[in-house]
Each structure stands twice: as structure tokens, then as C-alpha cells.
$ cat start-v5.tsv   # TSV, C-alpha atoms and all ligand atoms
chain	number	residue	atom	x	y	z
A	1	MET	CA	0.00	0.00	0.00
A	2	THR	CA	1.18	3.55	-0.65
A	3	ALA	CA	-0.35	6.05	1.72
A	4	ARG	CA	-2.28	9.10	0.66
A	5	ILE	CA	-0.29	12.15	1.74
A	6	ILE	CA	-2.63	14.40	3.74
A	7	ASP	CA	-2.20	17.97	2.47
A	8	GLY	CA	-2.23	20.03	5.66
A	9	LYS	CA	-1.73	23.26	3.77
A	10	ALA	CA	-4.86	22.66	1.68
A	11	VAL	CA	-6.98	21.65	4.70
A	12	ALA	CA	-5.66	24.67	6.64
A	13	ALA	CA	-6.64	26.96	3.74
A	14	THR	CA	-10.19	25.58	3.94
A	15	VAL	CA	-10.32	26.25	7.70
A	16	THR	CA	-8.96	29.78	7.20
A	17	ALA	CA	-11.57	30.48	4.51
A	18	LYS	CA	-14.32	29.28	6.90
A	19	ALA	CA	-12.89	31.51	9.67
A	20	ARG	CA	-12.92	34.49	7.31
A	21	ALA	CA	-16.54	33.82	6.31
A	22	ALA	CA	-17.52	33.36	9.97
A	23	ALA	CA	-15.80	36.67	10.80
A	24	GLU	CA	-17.90	38.41	8.11
A	25	ALA	CA	-21.10	36.88	9.48
A	26	PHE	CA	-20.05	37.84	13.02
A	27	LYS	CA	-19.40	41.43	11.98
A	28	ALA	CA	-22.86	41.64	10.42
A	29	ALA	CA	-24.49	40.25	13.59
A	30	ALA	CA	-22.40	41.99	16.27
A	31	GLY	CA	-21.48	45.23	14.52
A	32	ARG	CA	-17.76	44.70	15.13
A	33	PRO	CA	-15.03	42.30	13.95
A	34	PRO	CA	-13.64	39.50	16.15
A	35	GLY	CA	-10.62	40.77	18.10
A	36	LEU	CA	-7.36	38.92	18.80
A	37	ALA	CA	-4.56	40.18	21.07
A	38	VAL	CA	-1.21	38.41	20.89
A	39	VAL	CA	1.31	39.07	23.67
A	40	LEU	CA	5.04	38.46	23.32
A	41	VAL	CA	7.46	38.87	26.23
A	42	GLY	CA	11.13	39.01	25.28
A	43	GLU	CA	12.97	38.62	22.00
A	44	ASP	CA	13.10	34.87	21.29
A	45	PRO	CA	13.55	34.81	17.47
A	46	ALA	CA	11.25	31.80	16.86
A	47	SER	CA	8.52	33.35	19.06
A	48	GLN	CA	8.87	36.66	17.19
A	49	VAL	CA	8.17	34.86	13.90
A	50	TYR	CA	5.19	32.93	15.34
A	51	VAL	CA	3.66	36.07	16.84
A	52	ARG	CA	4.13	38.10	13.66
A	53	ASN	CA	2.49	35.34	11.59
A	54	LYS	CA	-0.44	35.08	14.00
A	55	SER	CA	-1.08	38.83	13.94
A	56	ARG	CA	-0.75	38.95	10.14
A	57	GLU	CA	-3.13	36.02	9.65
A	58	ALA	CA	-5.65	37.64	12.01
A	59	GLU	CA	-5.59	40.84	9.95
A	60	ALA	CA	-6.00	38.84	6.73
A	61	ALA	CA	-9.04	37.11	8.27
A	62	GLY	CA	-10.66	40.50	8.89
A	63	PHE	CA	-10.13	40.55	12.66
A	64	ARG	CA	-9.15	43.44	14.87
A	65	SER	CA	-5.56	42.40	15.55
A	66	GLU	CA	-3.35	43.70	18.36
A	67	GLN	CA	0.23	42.75	19.08
A	68	HIS	CA	1.80	43.61	22.44
A	69	ASN	CA	5.59	43.31	22.53
A	70	LEU	CA	7.00	43.55	26.05
A	71	PRO	CA	10.67	43.52	27.05
A	72	ALA	CA	12.22	40.37	28.56
A	73	THR	CA	12.57	42.28	31.86
A	74	THR	CA	8.77	42.68	32.18
A	75	SER	CA	7.55	41.76	35.67
A	76	GLU	CA	4.84	39.18	36.27
A	77	ALA	CA	2.69	41.95	37.81
A	78	ALA	CA	2.97	44.09	34.65
A	79	LEU	CA	2.04	41.14	32.43
A	80	LEU	CA	-0.92	40.27	34.68
A	81	ASP	CA	-1.98	43.91	34.45
A	82	LEU	CA	-1.98	43.74	30.63
A	83	VAL	CA	-3.97	40.47	30.74
A	84	ALA	CA	-6.51	42.15	33.04
A	85	ARG	CA	-6.89	45.07	30.64
A	86	LEU	CA	-7.38	42.70	27.68
A	87	ASN	CA	-9.89	40.66	29.72
A	88	ALA	CA	-11.87	43.87	30.30
A	89	ASP	CA	-11.73	45.07	26.66
A	90	PRO	CA	-15.12	44.17	25.10
A	91	GLY	CA	-13.67	44.26	21.56
A	92	ILE	CA	-11.07	41.57	22.31
A	93	ASP	CA	-12.33	37.98	21.99
A	94	GLY	CA	-9.03	36.12	22.01
A	95	ILE	CA	-5.91	36.56	24.17
A	96	LEU	CA	-2.81	34.57	23.31
A	97	VAL	CA	0.29	34.84	25.49
A	98	GLN	CA	3.15	33.33	23.48
A	99	LEU	CA	5.11	30.62	25.31
A	100	PRO	CA	7.77	30.16	26.57
A	101	LEU	CA	7.71	33.09	29.02
A	102	PRO	CA	10.90	34.35	30.72
A	103	LYS	CA	11.86	32.19	33.72
A	104	ALA	CA	11.05	34.95	36.24
A	105	ILE	CA	7.37	34.78	35.26
A	106	ASP	CA	5.08	31.97	36.47
A	107	ALA	CA	3.49	30.88	33.16
A	108	SER	CA	0.69	28.92	34.80
A	109	ARG	CA	-0.35	31.95	36.87
A	110	VAL	CA	-0.50	34.06	33.70
A	111	LEU	CA	-2.44	31.46	31.68
A	112	THR	CA	-4.91	31.05	34.56
A	113	ALA	CA	-5.45	34.84	34.65
A	114	ILE	CA	-6.79	34.86	31.09
A	115	ASP	CA	-10.60	34.96	30.91
A	116	PRO	CA	-11.49	31.35	29.89
A	117	ALA	CA	-13.95	32.78	27.35
A	118	LYS	CA	-10.99	34.51	25.62
A	119	ASP	CA	-8.51	31.65	26.06
A	120	VAL	CA	-7.92	30.87	22.36
A	121	ASP	CA	-4.93	28.63	23.19
A	122	GLY	CA	-7.23	26.43	25.32
A	123	PHE	CA	-4.70	26.13	28.17
A	124	HIS	CA	-6.86	27.60	30.98
A	125	PRO	CA	-7.90	24.96	33.57
A	126	VAL	CA	-11.58	25.66	32.80
A	127	ASN	CA	-11.10	24.74	29.12
A	128	VAL	CA	-8.85	21.78	30.01
A	129	GLY	CA	-11.59	20.61	32.40
A	130	LEU	CA	-14.42	21.00	29.88
A	131	LEU	CA	-12.45	18.94	27.36
A	132	ALA	CA	-11.67	16.26	29.95
A	133	ALA	CA	-15.35	16.18	30.98
A	134	GLY	CA	-16.31	15.36	27.40
A	135	SER	CA	-17.73	18.83	26.71
A	136	ALA	CA	-15.38	19.86	23.90
A	137	GLU	CA	-18.31	21.65	22.25
A	138	LYS	CA	-18.36	24.14	25.17
A	139	ALA	CA	-14.57	24.48	25.36
A	140	LEU	CA	-11.88	26.36	23.51
A	141	VAL	CA	-9.64	23.47	22.41
A	142	PRO	CA	-5.84	23.84	21.96
A	143	CYS	CA	-5.02	24.68	18.35
A	144	THR	CA	-2.56	21.93	17.37
A	145	PRO	CA	-4.70	19.05	18.74
A	146	ALA	CA	-7.86	20.54	17.20
A	147	GLY	CA	-6.06	20.84	13.85
A	148	ALA	CA	-4.72	17.28	14.09
A	149	MET	CA	-8.29	16.03	14.59
A	150	ILE	CA	-9.51	17.78	11.45
A	151	LEU	CA	-6.75	15.97	9.54
A	152	VAL	CA	-7.84	12.64	11.09
A	153	GLU	CA	-11.41	13.40	10.06
A	154	SER	CA	-10.33	14.29	6.50
A	155	ALA	CA	-8.68	10.87	6.23
A	156	ILE	CA	-11.10	8.54	8.01
A	157	GLY	CA	-14.34	10.43	8.83
A	158	ALA	CA	-15.77	11.85	12.04
A	159	SER	CA	-16.58	8.62	13.92
A	160	LEU	CA	-13.75	6.53	15.30
A	161	ALA	CA	-16.03	3.95	16.94
A	162	GLY	CA	-14.35	0.54	16.98
A	163	LYS	CA	-10.94	2.03	16.09
A	164	GLN	CA	-7.79	1.76	18.17
A	165	ALA	CA	-5.98	5.07	18.55
A	166	VAL	CA	-2.47	5.42	19.96
A	167	VAL	CA	-1.08	8.80	21.00
A	168	VAL	CA	2.68	8.90	21.56
A	169	GLY	CA	3.44	11.81	23.94
A	170	ARG	CA	1.59	13.04	27.02
A	171	SER	CA	2.22	16.79	27.01
A	172	ASN	CA	-0.51	19.19	28.12
A	173	ILE	CA	-0.14	21.07	24.83
A	174	VAL	CA	-0.55	18.15	22.40
A	175	GLY	CA	-0.62	14.55	23.70
A	176	LYS	CA	-3.27	14.79	26.44
A	177	PRO	CA	-5.75	17.02	24.56
A	178	VAL	CA	-5.43	14.90	21.37
A	179	ALA	CA	-6.19	11.79	23.45
A	180	GLN	CA	-9.31	13.49	24.90
A	181	LEU	CA	-10.50	14.48	21.42
A	182	LEU	CA	-9.97	10.94	20.07
A	183	LEU	CA	-11.93	9.57	23.04
A	184	GLN	CA	-14.73	12.04	22.34
A	185	ARG	CA	-14.89	10.58	18.80
A	186	ASP	CA	-15.37	7.10	20.33
A	187	ALA	CA	-11.88	5.73	19.61
A	188	THR	CA	-10.31	3.29	22.07
A	189	VAL	CA	-7.31	5.33	23.16
A	190	THR	CA	-3.86	4.38	24.44
A	191	ILE	CA	-1.46	7.11	25.56
A	192	ALA	CA	2.20	6.09	25.27
A	193	HIS	CA	5.15	8.12	26.57
A	194	SER	CA	8.83	8.03	27.50
A	195	ARG	CA	8.26	5.40	30.23
A	196	THR	CA	6.15	3.06	28.08
A	197	ALA	CA	7.46	-0.51	27.59
A	198	ASP	CA	7.61	-1.88	24.02
A	199	LEU	CA	6.47	1.22	22.18
A	200	PRO	CA	6.73	-0.49	18.74
A	201	ALA	CA	4.22	-3.19	19.79
A	202	ILE	CA	1.77	-0.57	21.07
A	203	CYS	CA	2.10	1.50	17.90
A	204	ARG	CA	1.35	-1.63	15.82
A	205	THR	CA	-2.14	-1.79	17.39
A	206	ALA	CA	-3.06	1.68	16.09
A	207	ASP	CA	-5.66	2.29	13.41
A	208	VAL	CA	-4.98	5.97	14.13
A	209	LEU	CA	-1.46	6.85	15.30
A	210	VAL	CA	-0.73	10.38	16.55
A	211	ALA	CA	2.94	11.12	17.24
A	212	ALA	CA	3.76	14.13	19.44
A	213	VAL	CA	7.18	13.34	20.83
A	214	GLY	CA	9.88	15.60	19.40
A	215	ARG	CA	12.30	12.74	18.54
A	216	PRO	CA	13.31	12.81	14.86
A	217	GLU	CA	12.02	9.75	12.96
A	218	LEU	CA	11.57	7.70	16.16
A	219	ILE	CA	8.62	5.79	14.70
A	220	ARG	CA	9.67	3.35	11.98
A	221	GLY	CA	7.77	1.77	9.10
A	222	ASP	CA	7.54	-1.63	10.81
A	223	TRP	CA	5.79	-0.01	13.82
A	224	ILE	CA	2.81	0.91	11.61
A	225	LYS	CA	-0.30	-1.26	11.28
A	226	PRO	CA	-1.14	-1.79	7.60
A	227	GLY	CA	-3.80	0.73	6.56
A	228	ALA	CA	-3.32	3.01	9.60
A	229	VAL	CA	-3.84	6.78	9.53
A	230	VAL	CA	-0.65	8.46	10.78
A	231	ILE	CA	-0.63	12.03	12.11
A	232	ASP	CA	2.89	13.33	12.73
A	233	VAL	CA	2.84	16.35	15.05
A	234	GLY	CA	6.58	16.36	15.73
A	235	ILE	CA	8.75	18.89	14.01
A	236	GLN	CA	12.51	19.15	14.49
A	237	ARG	CA	15.30	20.70	12.45
A	238	ILE	CA	18.20	18.28	11.89
A	239	PRO	CA	21.51	18.59	10.01
A	240	ALA	CA	21.29	17.60	6.32
A	241	PRO	CA	24.91	17.36	5.12
A	242	GLU	CA	23.67	15.62	1.93
A	243	ARG	CA	22.19	18.98	0.91
A	244	GLY	CA	25.50	20.76	1.40
A	245	GLU	CA	27.63	21.93	4.28
A	246	GLY	CA	25.69	23.52	7.14
A	247	LYS	CA	22.29	22.70	5.56
A	248	THR	CA	19.37	21.47	7.64
A	249	ARG	CA	15.94	19.94	7.04
A	250	LEU	CA	12.71	19.55	9.00
A	251	VAL	CA	11.62	16.09	10.09
A	252	GLY	CA	8.81	14.69	12.17
A	253	ASP	CA	8.57	11.91	14.74
A	254	VAL	CA	7.80	9.38	12.00
A	255	ALA	CA	10.13	7.97	9.31
A	256	THR	CA	7.69	9.18	6.66
A	257	ALA	CA	8.85	7.25	3.59
A	258	GLU	CA	8.94	3.93	5.49
A	259	ALA	CA	5.57	4.56	7.14
A	260	ALA	CA	3.95	5.69	3.87
A	261	ALA	CA	4.64	2.23	2.42
A	262	VAL	CA	2.36	0.69	5.08
A	263	ALA	CA	-0.18	3.34	6.15
A	264	SER	CA	-3.33	4.37	4.27
A	265	ALA	CA	-2.84	8.08	4.94
A	266	ILE	CA	-0.04	10.11	6.52
A	267	THR	CA	0.77	13.76	7.21
A	268	PRO	CA	4.08	15.07	5.85
A	269	VAL	CA	6.55	17.26	7.76
A	270	PRO	CA	6.54	20.10	6.90
A	271	GLY	CA	3.11	20.74	5.39
A	272	GLY	CA	0.99	18.49	7.62
A	273	VAL	CA	-0.07	19.47	11.14
A	274	GLY	CA	2.08	22.65	11.18
A	275	PRO	CA	-0.15	24.80	8.94
A	276	MET	CA	-3.25	23.69	10.87
A	277	THR	CA	-2.15	25.33	14.13
A	278	ILE	CA	-2.43	28.93	12.97
A	279	ALA	CA	-5.63	28.18	11.03
A	280	MET	CA	-7.18	26.80	14.23
A	281	LEU	CA	-6.14	29.95	16.12
A	282	MET	CA	-8.26	31.93	13.66
A	283	ALA	CA	-11.08	29.40	14.09
A	284	ASN	CA	-10.83	29.61	17.90
A	285	THR	CA	-10.88	33.42	17.86
A	286	VAL	CA	-14.00	33.64	15.71
A	287	THR	CA	-15.56	30.86	17.83
A	288	ALA	CA	-14.80	32.79	21.05
A	289	ALA	CA	-16.34	35.90	19.48
A	290	HIS	CA	-19.56	34.04	18.64
A	291	LEU	CA	-19.84	32.42	22.07
A	292	ARG	CA	-19.16	35.71	23.89
A	293	GLU	CA	-21.97	37.38	21.93
A	294	GLY	CA	-24.39	34.48	22.50
A	295	LEU	CA	-24.29	33.45	18.80
A	296	PRO	CA	-24.22	29.79	17.65
A	297	ARG	CA	-20.78	28.20	17.51
A	298	PRO	CA	-19.42	28.03	13.92
A	299	ALA	CA	-18.25	24.62	12.58
A	300	PHE	CA	-14.78	23.92	11.23
A	301	ASN	CA	-14.85	20.16	10.79
A	302	ALA	CA	-13.51	18.59	7.57
A	401	LIG	P1	6.95	17.74	24.99
A	401	LIG	O1	8.44	17.67	25.02
A	401	LIG	O2	6.22	18.59	25.96
A	401	LIG	O3	6.38	16.26	25.16
A	401	LIG	C1	6.96	15.16	24.52
A	401	LIG	C2	6.30	13.88	24.97
A	401	LIG	O4	6.93	12.79	24.30
A	401	LIG	C3	6.42	13.62	26.46
A	401	LIG	O5	5.14	13.33	26.97
A	401	LIG	C4	7.32	12.39	26.59
A	401	LIG	O6	6.87	11.49	27.57
A	401	LIG	C5	7.19	11.75	25.22
A	401	LIG	N1	8.45	11.08	24.83
A	401	LIG	C6	9.70	11.59	24.85
A	401	LIG	N2	10.59	10.68	24.41
A	401	LIG	C7	9.90	9.56	24.12
A	401	LIG	C8	10.24	8.28	23.62
A	401	LIG	N3	11.51	7.97	23.33
A	401	LIG	N4	9.27	7.39	23.45
A	401	LIG	C9	7.98	7.70	23.71
A	401	LIG	N5	7.58	8.91	24.17
A	401	LIG	C10	8.53	9.83	24.37
A	401	LIG	O7	6.59	18.09	23.49
A	401	LIG	P2	5.23	18.70	22.83
A	401	LIG	O8	5.09	20.12	23.17
A	401	LIG	O9	4.10	17.77	23.06
A	401	LIG	O10	5.66	18.61	21.29
A	401	LIG	C11	5.93	17.37	20.66
A	401	LIG	C12	6.40	17.62	19.24
A	401	LIG	O11	5.38	18.29	18.53
A	401	LIG	C13	7.63	18.52	19.12
A	401	LIG	O12	8.41	18.08	18.01
A	401	LIG	C14	7.05	19.87	18.83
A	401	LIG	O13	7.95	20.70	18.10
A	401	LIG	C15	5.88	19.49	17.98
A	401	LIG	N6	4.80	20.50	17.98
A	401	LIG	C16	4.36	20.93	16.77
A	401	LIG	C17	3.35	21.88	16.72
A	401	LIG	C18	2.87	22.33	15.37
A	401	LIG	O14	3.07	21.65	14.40
A	401	LIG	N7	2.27	23.45	15.26
A	401	LIG	C19	2.78	22.38	17.89
A	401	LIG	C20	3.23	21.89	19.13
A	401	LIG	C21	4.24	20.93	19.16

$ encode --input "start-v5.tsv" --output "C-alpha cells"
Amino acid sequence: MTARIIDGKAVAATVTAKARAAAEAFKAAAGRPPGLAVVLVGEDPASQVYVRNKSREAEAAGFRSEQHNLPATTSEAALLDLVARLNADPGIDGILVQLPLPKAIDASRVLTAIDPAKDVDGFHPVNVGLLAAGSAEKALVPCTPAGAMILVESAIGASLAGKQAVVVGRSNIVGKPVAQLLLQRDATVTIAHSRTADLPAICRTADVLVAAVGRPELIRGDWIKPGAVVIDVGIQRIPAPERGEGKTRLVGDVATAEAAAVASAITPVPGGVGPMTIAMLMANTVTAAHLREGLPRPAFNA
């Protein structure tokens, strides 16, 4: 079997188009655009790129877009003060504080200070709890897991009843929320992690395999069940001397070429889950706007 390569860029473009249309409809109903505020503390180059892209995408989607750049020396109190002001601003529907924060700031205190109704990253304990309680439809769901699920749905459909799903990785940002979402779709879910015994054998049980580890090409072709759907969330830059001295390339957690010979569908790296994350941020912002104004929640499924 040769797997279908799931085109994350194309699916992300569909989600972005839906977010744009939902923003138009919201503007007509509420008399204002959805508003997103992105907060960056410090000068981490990767974070600067992410934040710029998020703000740019929000503008392109027709949102009110605000970017707050604070120096690395910002105190926790000053950041909490900004969060409080954004919480109180009726025109702001989404607040995203870019992680990682400087060590002197308690990230969990900051994330917990965000109004759960504006928590477009889905990291507030209220949203984590709603998801865990099986009420994803009331929650704001973290962007990468939500995007990964749309890719699963595009490959295999919305119901995962009777399917075995294996999630490799148990982080709060990806592994745990993906597992909750798979469970909500009626999959039988196993969560594997760094202390799991015989990871290859567990992966071989998976009809749906989601890898969120951060170990380049850890998962080999002979770990894949024939016909499985493979979603590779991992993304790492590794040296690529074959491309010339000092060159690098991006790889996922899965040895893609090997796995593609066995799976039925697989996401590439780059161009798989990556593009979905920012698209889901737009979806979450316009969703938060609708919910805050008492309007029906827009749909972004595949
Ligand atoms: P993390 O480091 O917080 O968690 C990694 C998880 O993998 C841990 O739960 C750990 O137990 C598990 N693990 C580590 N080594 C293992 C091993 N040898 N066998 C089995 N499990 C092992 O990472 P994260 O934030 O969940 O991110 C995971 C990957 O996804 C990273 O490559 C990250 O860059 C990527 N990521 C991509 C996006 C995106 O595409 N937009 C977003 C978030 C994360």
C-alpha cells in the first residue's frame, strides 16, 4: 500500500476560509469584527516569527488584531496587568500569550489569569476541564490538537467507533488534549510516553497513530499497522549534510517514507499538522467571538 499524503496546507486553507466567512457573518451580527490580542514577552527569534504570523493572519481574516511586545525584563505583575486590561476590553475575543515566558514569570499563573472565554490557546484549567469532561463543544480546544483532529477526520471520517488510537506523547499542549478528542470521537485510546514498555508493539495496534514526541524519525515503518492513519505532530530541524555543508531539514517523529509504504494516509513534515495550528487559532478566535456574543458556535470540521 502507498499512503495518501494528507495535504495540511490545503486543509488549513479551507479552515482559514471558513474563519474568514464566519468573521464576516459575526461582523454583520455583532457590529464589530472579532478581536485577537497576541502578547510576546522578550525577543526569542522563533517566538517573534510565530507572533508576527499570527497577527498577520488575524488581519487577513478580517479581525481586529493587536500585538503587544513587552521587554524580557517585564515583571509578572505588569504582564498580569496587561492580561486584566485585555480581559476587560469588550472588543477583544481572544488573548494569546506566546510561550515560553521568561523564567522569572510563572506561566501557569498568567495562563490562569486569562478569561477562559478569551482563552484561544485552550490552556486555561476551565477549558482543560471542559475537554476532559467530554464537553469539547463548550470548550476552547488547543489549536494543534484541534487541527490534528480535522486531519484525522479528513482521512477517516468523524466517527472513530471501533478504532484503536495510539497517542505517543503526554504533554498538556498536544498529547493529552489529542487523546481526549480521540476519546470524544469514540476511539479506544492508548497514551504512550517516554516510560512506556515496548512502544513499537503498542504503535502496531493503532488504526490511528498520533505522534507528538519531538524525537526525529523515532517511529519506523515496521511499527505501523497496515492501513493506519498516521498524524505526525513532531517537528525538528536536523543537520542535512547531503544537501551541502551547514544545511538542515525539517523532520517529524515518524520515518515518513517507510511509514507511507504501510499506512493508508499520513501527514508530511513540513506541510501536515504545522499549517493547521495557525488556522485553528483563527477558528478559535472567531468561535470565542460568537460564544461571547451568544451566537451559535461556527463549525470547522472537515
Ligand atoms: P513535549 O516535550 O512537551 O512532550 C513530549 C512527549 O513525548 C512527552 O510526553 C514524553 O513522555 C514523550 N516522549 C519523549 N521521548 C519519548 C520516547 N523515546 N518514546 C515515547 N515517548 C517519548 O513536546 P510537545 O510540546 O508535546 O511537542 C511534541 C512535538 O510536537 C515537538 O516536536 C514539537 O515541536 C511538535 N509540535 C508541533 C506543533 C505544530 O506543528 N504546530 C505544535 C506543538 C508541538

$ closest_atom_pairs --input "start-v5.tsv" --of "chain A" --to "ligand LIG 401 (chain A)" --cutoff "9 Å" --atoms "all atoms listed in the file" --output "tab-separated table"
residue	atom	partner	partner_atom	distance
A:Cys143	CA	A:LIG401	N7	8.0
A:Thr144	CA	A:LIG401	C19	5.4
A:Pro145	CA	A:LIG401	C19	8.2
A:Gly147	CA	A:LIG401	N7	8.8
A:Ala148	CA	A:LIG401	O14	8.9
A:Val168	CA	A:LIG401	N5	5.6
A:Gly169	CA	A:LIG401	O4	3.6
A:Arg170	CA	A:LIG401	O5	3.6
A:Ser171	CA	A:LIG401	O9	4.5
A:Asn172	CA	A:LIG401	O9	7.0
A:Ile173	CA	A:LIG401	O8	5.6
A:Val174	CA	A:LIG401	O9	4.7
A:Gly175	CA	A:LIG401	O9	5.7
A:Lys176	CA	A:LIG401	O5	8.6
A:Ala192	CA	A:LIG401	N5	6.2
A:His193	CA	A:LIG401	N5	3.5
A:Ser194	CA	A:LIG401	C10	3.6
A:Arg195	CA	A:LIG401	O6	6.8
A:Thr196	CA	A:LIG401	C9	6.6
A:Leu199	CA	A:LIG401	C9	6.8
A:Ala211	CA	A:LIG401	C12	7.6
A:Ala212	CA	A:LIG401	C11	4.1
A:Val213	CA	A:LIG401	O4	3.5
A:Gly214	CA	A:LIG401	O12	3.2
A:Arg215	CA	A:LIG401	N2	6.5
A:Pro216	CA	A:LIG401	O12	7.9
A:Leu218	CA	A:LIG401	N3	7.2
A:Ile219	CA	A:LIG401	N4	8.9
A:Asp232	CA	A:LIG401	O11	8.0
A:Val233	CA	A:LIG401	O11	4.7
A:Gly234	CA	A:LIG401	O12	3.4
A:Ile235	CA	A:LIG401	O12	4.1
A:Gln236	CA	A:LIG401	O12	5.5
A:Val251	CA	A:LIG401	O12	8.8
A:Gly252	CA	A:LIG401	O12	6.8
A:Asp253	CA	A:LIG401	O12	7.0
A:Val269	CA	A:LIG401	O14	8.7
A:Pro270	CA	A:LIG401	O14	8.4
A:Gly272	CA	A:LIG401	O14	7.8
A:Val273	CA	A:LIG401	O14	5.0
A:Gly274	CA	A:LIG401	O14	3.5
A:Pro275	CA	A:LIG401	N7	6.9
A:Met276	CA	A:LIG401	N7	7.1
A:Thr277	CA	A:LIG401	N7	4.9
A:Ile278	CA	A:LIG401	N7	7.6

$ closest_residue --input "start-v5.tsv" --among "A:Leu40, A:Ala12, A:Ala113, A:Val210" --to "A:Ser154" --atoms "all atoms listed in the file"
A:Ala12

$ closest_residue --input "start-v5.tsv" --among "A:Pro90, A:Pro125, A:Pro200, A:Gly42" --to "A:Pro102" --atoms "all atoms listed in the file"
A:Gly42

$ residues_near_point --input "start-v5.tsv" --point "(-6.4, 5.8, 6.9)" --cutoff "9 Å" --atoms "all atoms listed in the file" --output "list in words"
Ala3, Arg4, Val152, Ala155, Ile156, Asp207, Val208, Gly227, Ala228, Val229, Val230, Ala263, Ser264, Ala265 and Ile266 of chain A

$ atom_distance --input "start-v5.tsv" --atom1 "atom CA of A:Ala179" --atom2 "atom CA of A:Leu140"
15.6 Å

$ closest_residue --input "start-v5.tsv" --among "A:Ile238, A:Leu70, A:Leu183, A:Met280" --to "A:Ala133" --atoms "all atoms listed in the file"
A:Leu183

$ closest_residue --input "start-v5.tsv" --among "A:Ala60, A:Ala288, A:Val126, A:Cys203" --to "A:Asp222" --atoms "all atoms listed in the file"
A:Cys203

$ residues_near_point --input "start-v5.tsv" --point "(-1.3, 35.4, 20.8)" --cutoff "10 Å" --atoms "all atoms listed in the file" --output "list in words"
Leu36, Ala37, Val38, Val39, Leu40, Tyr50, Val51, Arg52, Asn53, Lys54, Ser55, Ser65, Glu66, Gln67, His68, Gly94, Ile95, Leu96, Val97, Gln98, Leu99, Asp119, Val120, Asp121 and Leu281 of chain A

$ residues_around --input "start-v5.tsv" --residues "A:Val83" --least-positions-apart "2" --cutoff "10 Å" --atoms "only C-alpha atoms" --output "list of chain:residue names"
A:Ala37, A:Val39, A:Ala77, A:Ala78, A:Leu79, A:Leu80, A:Asp81, A:Arg85, A:Leu86, A:Asn87, A:Ala88, A:Asp89, A:Ile95, A:Leu96, A:Val97, A:Val110, A:Leu111, A:Ala113, A:Ile114, A:Asp115

$ closest_residue --input "start-v5.tsv" --among "A:Gly62, A:Gly271, A:Gly35, A:Pro298" --to "A:Ile231" --atoms "all atoms listed in the file"
A:Gly271

$ residues_around --input "start-v5.tsv" --residues "A:Lys18" --least-positions-apart "6" --cutoff "9 Å" --atoms "only C-alpha atoms" --output "PyMOL selection string"
chain A and resi 283+298-300

$ atom_distance --input "start-v5.tsv" --atom1 "atom CA of A:Ala201" --atom2 "atom CA of A:Asp7"
28.1 Å

$ atom_distance --input "start-v5.tsv" --atom1 "atom CA of A:Lys103" --atom2 "atom CA of A:Ala84"
20.9 Å

$ closest_residue --input "start-v5.tsv" --among "A:Gly221, A:Pro100, A:Gly294, A:Gly122" --to "A:Glu258" --atoms "all atoms listed in the file"
A:Gly221

$ axis_aligned_box --input "start-v5.tsv" --around "stretch 228-247 of chain A" --padding-each-side "8 Å" --output "lines of an AutoDock Vina configuration file"
center_x = 11.9
center_y = 13.3
center_z = 8.3
size_x = 47.5
size_y = 36.5
size_z = 30.8
